[in-house]
Amino acid sequence: MTEVRGSAGLNGTTHDWHAPGTPCWVTLMVHGMATTQEFYRALFGWEFRPGPQPLGPYVRALLDGYEVAGIGQLPLDRHLPIAWTPYLGSDDVDATAEAVRSCGGTVGVGPLDAAEAGRLAIASDPMGAVFGIWQAAEHLGIGLTGVPGTPAWNELLTYDTASVAKFYRTVFGYEEEPVVSPDFDYLTLHIEGRPVAGIHGVGHALPRDRGAHWMTYFQVADIDATSERVAELGGHVVRPACTMALGRMVTLADPEGATFSVVSPPD
């Protein structure tokens with residue numbers, strides 16, 4: 001990893017490798033690709049270029065020339081949830097997919113090749129939360145973090161941590177660090193001693209129309225200004241601002257209804 005200075009004048013980190021188990025990419029599948037690209041271009045300053053298309057039309061989002069996310073086209077006859085989906089790194093996507101099945105999860109797509117970029121599968125855990133698995137070849141994943149407009153964190157929202165913790169620990173080899181609190185059910189997942197994602201048990205607060213799901217956080221300079229901008233661009237606030245360990249955050253939705261969170265790190 002290398003320290004760089006991003007367009008916002010903040011120090012960021014470039015990545016040329018992601019350890020297995022690390023959230024290494026994030027993709028949004030939508031119906032209206034053109035309007036979605038315009039939304040995120042205006043919100044995060046992303047530019048776009050075509051990517052491999054094993055599942056249909058697909059573009060990669062770039063910030064300062066570094067790849068940070070993907071947006072793909074859903075088939076018109078498929079009424080699937082519009083959602084950001086993190087991809088977890090793997091050295092062998094076929095073996096990881098088999099581990100998913102043997103541990104009670106489901107593999108819905110793949111494993112399959114994405115041209116020369118790598119190999120992927122799309123799976124769900126025993127509670128139904130969808131995630132991707134990525135085995136890198138030419139495409140290594142997220143190239144830049146730590147500046148506004150880049151992924152900052154991924155968190156699984158599920159009924160309780162106990163129901164899925166063993167699944168992720170067994171499949172991806174995570175170490176776990178629980179939050180010791182009688183009223184806050186949370187695990188931080190670690191790879192090689194470094195926190196890479198979280199599992200938040202929210203009980204009956206799970207949205208009925210989605211159930212368990214992964215949430216992607218993007219870094220921004222000012223969450224209040226970002227919330228206002230989202231409304232101007234046709235999105236809306238899903239959950240109001242609050243303070244968490246990462247900083248102040250708010251959960252938003254884009255015009256097609258895909259939810260994501262933005263966080264402004266503490267000074």
# chains A, B, ... in the order shown; residues from 1 in each chain; ligands from 1

$ select_by_dssp --residues "stretch 50-153 of chain A" --states "helix (DSSP H, G or I)" --output "MDAnalysis selection string"
chainID A and resid 93:102

$ residues_around --residues "A:Ala69" --least-positions-apart "3" --cutoff "10 Å" --atoms "only C-alpha atoms" --output "list in words"
Cys24, Trp25, Val26, Thr27, Leu28, Trp46, Phe48, Val59, Arg60, Ala61, Leu62, Leu63, Tyr66, Trp84, Pro86, Gly141, Ile142, Gly143, Gly149, Thr150 and Pro151 of chain A

$ closest_residue --among "A:Gln73, A:Thr14, A:Thr35, A:Thr243" --to "A:Pro50" --atoms "only C-alpha atoms"
A:Gln73

$ atom_distance --atom1 "atom CA of A:Val250" --atom2 "atom CA of A:Asp267"
17.2 Å

$ select_by_dssp --residues "stretch 141-181 of chain A" --states "strand (DSSP E)" --output "ChimeraX atom specification"
/A:144-145,151-158,175-178

$ residues_around --residues "A:Gly132" --least-positions-apart "2" --cutoff "10 Å" --atoms "only C-alpha atoms" --output "VMD selection string"
chain A and resid 23 to 27 85 to 89 93 97 107 to 109 120 to 124 130 134

$ closest_residue --among "A:Thr22, A:Gln37, A:Thr226, A:Thr158" --to "A:Arg208" --atoms "only C-alpha atoms"
A:Thr158

$ atom_distance --atom1 "atom CA of A:Ala197" --atom2 "atom CA of A:Arg239"
20.4 Å

$ residues_around --residues "A:Asp125" --least-positions-apart "4" --cutoff "9 Å" --atoms "only C-alpha atoms" --output "JSON, numbers by chain"
{"A": [100, 103, 104, 105, 106, 107, 129, 130, 131, 164, 167, 168]}
